[in-house]
Amino acid sequence: MAGACEEIFALGLRSPHRMTIDPVTLRIFIGDVGNGAREEVSVIEPSDPGGLNFQWGVIEGYNGDLTGNYVGVNKRPILDYPRADGRTIIGGYVYRGSAFPELVGKYLFADNSNQRIWYMDESTHTATTPASKVLIATMPRGPGSNSGSDYTAARHVL
């Protein structure tokens, strides 16, 4: 389009399965399904510049920083986990309810291949260590008319 300003807000995401904005902090949380080895949660902070590069397809997981020539601003995921823990991360929400006070302000997310639901513990996050995940529930398998025979995902070989 003539006269348009072409801009890239973010690149280097492989397959984001839900992005959500926490209305209190205005942080954007992204559950990004990995390619072969790691599942990721990335966060866009309100102070981050545009043009973030989340590293895919050069680096998978919390395994270093982009080097050499690349487009955008290098940004590691805040959390990652191996395929032994799950194969299809599904992003969630930051809990702001009152029924579970211990979860207020925590990012809740799940993996669609193993029925696990976690919250992200950011207290472990440093420049060299990703945030960790804490298991809070495992969904039972059960019948479901809308998805064939089960409301949870088809079982993947881990």
# chains A, B, ... in the order shown; residues from 1 in each chain; ligands from 1

$ residues_around --residues "segment 8-17 of chain A" --least-positions-apart "2" --cutoff "6 Å" --atoms "only C-alpha atoms" --output "ChimeraX atom specification"
/A:31-33,50-56,90-91

$ write_last_selection --atoms "C-alpha atoms" --output "PDB file, in the first residue's frame"
ATOM      1  CA  GLY A  31       2.364 -20.447  24.613  1.00  0.00           C
ATOM      2  CA  ASP A  32       4.511 -21.514  21.641  1.00  0.00           C
ATOM      3  CA  VAL A  33       4.559 -25.141  20.470  1.00  0.00           C
ATOM      4  CA  GLY A  50       8.686  -3.568  18.805  1.00  0.00           C
ATOM      5  CA  GLY A  51      10.466  -5.998  16.525  1.00  0.00           C
ATOM      6  CA  LEU A  52      11.129  -8.737  19.072  1.00  0.00           C
ATOM      7  CA  ASN A  53      12.738 -11.872  17.642  1.00  0.00           C
ATOM      8  CA  PHE A  54      11.758 -14.966  19.644  1.00  0.00           C
ATOM      9  CA  GLN A  55      14.542 -16.993  17.938  1.00  0.00           C
ATOM     10  CA  TRP A  56      12.656 -19.712  16.089  1.00  0.00           C
ATOM     11  CA  ILE A  90      -1.425 -24.452  25.190  1.00  0.00           C
ATOM     12  CA  GLY A  91      -1.126 -20.980  26.644  1.00  0.00           C
TER      13      GLY A  91
END

$ residues_around --residues "Asp22 of chain A" --least-positions-apart "4" --cutoff "12 Å" --atoms "only C-alpha atoms" --output "PyMOL selection string"
chain A and resi 26-30+43-46+92-96+104-108

$ atom_distance --atom1 "atom CA of Ala37 of chain A" --atom2 "atom CA of Tyr81 of chain A"
8.4 Å

$ closest_residue --among "A:Pro49, A:Thr88, A:Pro77, A:Thr20" --to "Asp65 of chain A" --atoms "only C-alpha atoms"
A:Pro77

$ closest_residue --among "A:Ser47, A:Thr138, A:Ser123, A:Asn114" --to "Arg87 of chain A" --atoms "only C-alpha atoms"
A:Asn114

$ atom_distance --atom1 "atom CA of Leu135 of chain A" --atom2 "atom CA of Thr25 of chain A"
23.5 Å

$ select_by_dssp --residues "chain A" --states "strand (DSSP E)" --output "PyMOL selection string"
chain A and resi 10-11+16-21+28-32+38-44+52-53+73-74+79-82+89-94+107-111+116-121+132-138

$ write_last_selection --atoms "C-alpha atoms" --output "PDB file, in the first residue's frame"
ATOM      1  CA  ALA A  10       7.380  -9.775  16.644  1.00  0.00           C
ATOM      2  CA  LEU A  11       8.900 -12.671  14.725  1.00  0.00           C
ATOM      3  CA  PRO A  16       1.717 -19.921  19.197  1.00  0.00           C
ATOM      4  CA  HIS A  17      -1.302 -21.602  20.799  1.00  0.00           C
ATOM      5  CA  ARG A  18      -2.914 -18.737  22.675  1.00  0.00           C
ATOM      6  CA  MET A  19      -1.673 -15.318  23.540  1.00  0.00           C
ATOM      7  CA  THR A  20      -3.208 -13.502  26.448  1.00  0.00           C
ATOM      8  CA  ILE A  21      -2.779 -10.069  28.004  1.00  0.00           C
ATOM      9  CA  ILE A  28       1.474 -10.559  26.953  1.00  0.00           C
ATOM     10  CA  PHE A  29       1.956 -14.309  27.525  1.00  0.00           C
ATOM     11  CA  ILE A  30       2.479 -16.637  24.544  1.00  0.00           C
ATOM     12  CA  GLY A  31       2.364 -20.447  24.613  1.00  0.00           C
ATOM     13  CA  ASP A  32       4.511 -21.514  21.641  1.00  0.00           C
ATOM     14  CA  ARG A  38      11.259 -27.853  23.636  1.00  0.00           C
ATOM     15  CA  GLU A  39       7.910 -26.208  24.413  1.00  0.00           C
ATOM     16  CA  GLU A  40       8.044 -22.496  25.304  1.00  0.00           C
ATOM     17  CA  VAL A  41       6.286 -19.666  27.113  1.00  0.00           C
ATOM     18  CA  SER A  42       7.345 -16.227  25.948  1.00  0.00           C
ATOM     19  CA  VAL A  43       6.418 -12.893  27.501  1.00  0.00           C
ATOM     20  CA  ILE A  44       6.221  -9.464  25.938  1.00  0.00           C
ATOM     21  CA  LEU A  52      11.129  -8.737  19.072  1.00  0.00           C
ATOM     22  CA  ASN A  53      12.738 -11.872  17.642  1.00  0.00           C
ATOM     23  CA  VAL A  73      15.602  -7.640  19.034  1.00  0.00           C
ATOM     24  CA  ASN A  74      16.707 -10.978  20.563  1.00  0.00           C
ATOM     25  CA  LEU A  79      10.077 -20.803  30.367  1.00  0.00           C
ATOM     26  CA  ASP A  80      10.717 -23.944  28.381  1.00  0.00           C
ATOM     27  CA  TYR A  81      10.389 -27.665  28.952  1.00  0.00           C
ATOM     28  CA  PRO A  82      11.448 -30.836  27.135  1.00  0.00           C
ATOM     29  CA  ILE A  89       1.840 -26.327  25.045  1.00  0.00           C
ATOM     30  CA  ILE A  90      -1.425 -24.452  25.190  1.00  0.00           C
ATOM     31  CA  GLY A  91      -1.126 -20.980  26.644  1.00  0.00           C
ATOM     32  CA  GLY A  92      -3.506 -19.889  29.340  1.00  0.00           C
ATOM     33  CA  TYR A  93      -4.279 -16.932  31.563  1.00  0.00           C
ATOM     34  CA  VAL A  94      -2.928 -15.065  34.538  1.00  0.00           C
ATOM     35  CA  TYR A 107       0.265 -17.660  34.709  1.00  0.00           C
ATOM     36  CA  LEU A 108      -1.675 -20.937  34.277  1.00  0.00           C
ATOM     37  CA  PHE A 109      -1.108 -23.091  31.201  1.00  0.00           C
ATOM     38  CA  ALA A 110      -1.512 -26.666  30.001  1.00  0.00           C
ATOM     39  CA  ASP A 111      -0.100 -29.222  27.615  1.00  0.00           C
ATOM     40  CA  ARG A 116      -1.235 -31.568  32.768  1.00  0.00           C
ATOM     41  CA  ILE A 117      -1.981 -28.061  34.044  1.00  0.00           C
ATOM     42  CA  TRP A 118       0.807 -25.974  35.560  1.00  0.00           C
ATOM     43  CA  TYR A 119       1.477 -22.485  36.814  1.00  0.00           C
ATOM     44  CA  MET A 120       4.667 -20.628  35.990  1.00  0.00           C
ATOM     45  CA  ASP A 121       6.977 -19.862  38.911  1.00  0.00           C
ATOM     46  CA  SER A 132       9.937 -23.172  36.259  1.00  0.00           C
ATOM     47  CA  LYS A 133       6.551 -24.837  36.110  1.00  0.00           C
ATOM     48  CA  VAL A 134       4.592 -26.249  39.037  1.00  0.00           C
ATOM     49  CA  LEU A 135       2.048 -29.011  38.433  1.00  0.00           C
ATOM     50  CA  ILE A 136      -1.372 -28.161  39.849  1.00  0.00           C
ATOM     51  CA  ALA A 137      -3.632 -30.741  38.155  1.00  0.00           C
ATOM     52  CA  THR A 138      -3.838 -33.647  35.761  1.00  0.00           C
TER      53      THR A 138
END

$ select_by_dssp --residues "segment 4-126 of chain A" --states "helix (DSSP H, G or I)" --output "list in words"
Pro101, Glu102, Leu103, Glu122, Ser123 and Thr124 of chain A

$ atom_distance --atom1 "atom CA of Val71 of chain A" --atom2 "atom CA of Ala127 of chain A"
21.6 Å
